[in-house]
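Since the structure comes first, as structure tokens, the remarks are kept for the end.
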Amino acid sequence: MADVHTLIDRNLEFAASFDQGDLAILPRLSTLVLTCLDSRVDPAHFFGLQLGDAVVMRNIGGRVTDEVIEHIAILRALAGLVGGGAFEVAIVHHTDCGASRFANPEVRQKLGEAAGTGEVAIKRFAITDPQISVAEDLDRLRAAPILPDDLVVAAYVYDVTDGRVREAFAPASLR
């Protein structure tokens, strides 16, 4: 629990000079970033995001799941209802992702048993090559009937060794 106390102490420092309580619900950049929850992969750092700049979603591997698709659909609808325009989606996978270990059937089986989720749940997050996995995730978005054709999406790979974000697929309409 000592680490949680460190976070609370840091929050007190943050709150002492906080002056952004009037930020709008919609981000300034009309962008949703989907990326991995790996602690080395923080879009606030590698994209230079400030509070209120973008919506950020993180999960294991930064994968497009059914829940992510639903969240994107809901956020897009919310943006439309509160007077905002359309937004773009940036999927960011990264090198040396821990989810690459999920490609190993033995690891998957042991982890699935230990987590209580079973092997199939672990396999959905497996990444063998981030260039391939972002393409797979773009395909998942394209196949989602609840997402509009004009949703702009792009895919990138972040290199954890040099800090560079490289474009894998340029921004384009979903379909």
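Chain labels follow the order of the structure tokens: the first chain is A, the next B, and so on; residue numbering restarts at 1 in every chain, and ligands are counted from 1 in their shown order.
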
Among chain A, which ones does DSSP assign to strand (DSSP E or B) (computed from the backbone)? Answer as a CSV table (one decimal) with N, CA and C atoms, in the first residue's frame.
```csv
chain,number,residue,atom,x,y,z
A,31,THR,N,-9.8,13.6,-30.6
A,31,THR,CA,-9.0,12.4,-30.9
A,31,THR,C,-9.2,11.4,-29.8
A,32,LEU,N,-9.4,10.1,-30.1
A,32,LEU,CA,-9.4,9.0,-29.2
A,32,LEU,C,-8.2,8.2,-29.4
A,33,VAL,N,-7.3,8.0,-28.4
A,33,VAL,CA,-6.1,7.2,-28.5
A,33,VAL,C,-6.4,5.9,-27.8
A,34,LEU,N,-6.2,4.7,-28.5
A,34,LEU,CA,-6.3,3.4,-27.9
A,34,LEU,C,-4.9,2.8,-27.9
A,35,THR,N,-4.5,2.5,-26.7
A,35,THR,CA,-3.1,2.0,-26.6
A,35,THR,C,-3.0,1.0,-25.4
A,36,CYS,N,-1.9,0.4,-25.3
A,36,CYS,CA,-1.6,-0.6,-24.3
A,36,CYS,C,-1.5,0.0,-22.9
A,55,VAL,N,-9.2,11.8,-25.6
A,55,VAL,CA,-9.7,10.7,-24.9
A,55,VAL,C,-8.7,9.6,-25.0
A,56,VAL,N,-8.3,8.9,-23.9
A,56,VAL,CA,-7.4,7.8,-24.0
A,56,VAL,C,-8.0,6.6,-23.4
A,57,MET,N,-7.9,5.5,-24.2
A,57,MET,CA,-8.4,4.2,-23.7
A,57,MET,C,-7.2,3.3,-23.7
A,58,ARG,N,-7.1,2.5,-22.6
A,58,ARG,CA,-6.0,1.6,-22.5
A,58,ARG,C,-6.5,0.2,-22.1
A,59,ASN,N,-5.9,-0.8,-22.7
A,59,ASN,CA,-6.1,-2.2,-22.3
A,59,ASN,C,-4.9,-3.0,-22.6
A,88,GLU,N,-11.4,11.4,-34.5
A,88,GLU,CA,-10.5,10.4,-35.1
A,88,GLU,C,-10.1,9.4,-34.0
A,89,VAL,N,-9.8,8.2,-34.5
A,89,VAL,CA,-9.3,7.1,-33.6
A,89,VAL,C,-7.8,6.8,-34.0
A,90,ALA,N,-6.9,6.8,-33.0
A,90,ALA,CA,-5.5,6.4,-33.3
A,90,ALA,C,-5.3,5.2,-32.4
A,91,ILE,N,-5.0,4.1,-33.1
A,91,ILE,CA,-4.6,2.8,-32.4
A,91,ILE,C,-3.1,2.8,-32.3
A,92,VAL,N,-2.5,2.6,-31.1
A,92,VAL,CA,-1.1,2.6,-31.0
A,92,VAL,C,-0.7,1.3,-30.3
A,93,HIS,N,0.0,0.4,-31.0
A,93,HIS,CA,0.6,-0.8,-30.4
A,93,HIS,C,2.1,-0.4,-30.2
A,94,HIS,N,2.8,-1.3,-29.6
A,94,HIS,CA,4.2,-1.0,-29.3
A,94,HIS,C,5.1,-2.2,-29.4
A,152,VAL,N,-12.8,8.3,-39.0
A,152,VAL,CA,-11.4,8.3,-39.4
A,152,VAL,C,-10.5,7.6,-38.4
A,153,VAL,N,-9.7,6.6,-38.9
A,153,VAL,CA,-8.9,5.8,-38.0
A,153,VAL,C,-7.5,5.8,-38.6
A,154,ALA,N,-6.5,5.6,-37.7
A,154,ALA,CA,-5.1,5.4,-38.1
A,154,ALA,C,-4.5,4.5,-37.1
A,155,ALA,N,-3.3,3.9,-37.5
A,155,ALA,CA,-2.6,3.0,-36.6
A,155,ALA,C,-1.1,3.3,-36.6
A,156,TYR,N,-0.5,3.1,-35.4
A,156,TYR,CA,0.8,3.5,-35.2
A,156,TYR,C,1.5,2.4,-34.4
A,157,VAL,N,2.8,2.4,-34.4
A,157,VAL,CA,3.6,1.5,-33.6
A,157,VAL,C,4.6,2.4,-32.8
A,158,TYR,N,4.6,2.3,-31.5
A,158,TYR,CA,5.5,3.1,-30.6
A,158,TYR,C,6.7,2.2,-30.3
A,165,VAL,N,7.1,7.2,-32.5
A,165,VAL,CA,5.9,6.7,-32.9
A,165,VAL,C,5.9,6.7,-34.5
A,166,ARG,N,5.8,5.5,-35.0
A,166,ARG,CA,5.8,5.4,-36.5
A,166,ARG,C,4.5,5.0,-37.0
A,167,GLU,N,4.1,5.6,-38.1
A,167,GLU,CA,2.8,5.4,-38.8
A,167,GLU,C,2.8,4.0,-39.4
A,168,ALA,N,1.8,3.2,-39.1
A,168,ALA,CA,1.6,1.9,-39.7
A,168,ALA,C,0.6,2.0,-40.8
A,169,PHE,N,-0.5,2.8,-40.5
A,169,PHE,CA,-1.6,3.0,-41.5
A,169,PHE,C,-2.0,4.4,-41.3
A,170,ALA,N,-2.0,5.2,-42.4
A,170,ALA,CA,-2.3,6.6,-42.4
A,170,ALA,C,-3.8,6.8,-42.1
A,171,PRO,N,-4.1,8.0,-41.5
A,171,PRO,CA,-5.5,8.3,-41.2
A,171,PRO,C,-6.4,8.2,-42.5
A,172,ALA,N,-7.5,7.5,-42.4
A,172,ALA,CA,-8.4,7.3,-43.5
A,172,ALA,C,-9.8,6.9,-42.9
A,173,SER,N,-10.8,7.1,-43.7
A,173,SER,CA,-12.2,6.7,-43.3
A,173,SER,C,-12.2,5.2,-43.1
```

Quick one: residues within 7 Å of Asp137 (chain A), only C-alpha atoms, excluding same-chain residues fewer than 4 positions away - as an NGL selection string? :A and (63-64 or 133 or 141)

Enumerate as a PyMOL selection string all residues of chain A assigned to helix (DSSP H, G or I) by DSSP on the backbone, naming them with the chain letters and numbers the document uses. chain A and resi 2-16+43-46+60-62+66-81+98-103+105-115+119-123+130-142

Need the shell around region 78-81 of chain A: protein/DNA/RNA residues with any atom at most 10 Å away, counting only C-alpha atoms. Skip same-chain ones fewer than 6 positions apart. Format as a PyMOL selection string? chain A and resi 25-27+30+72+87
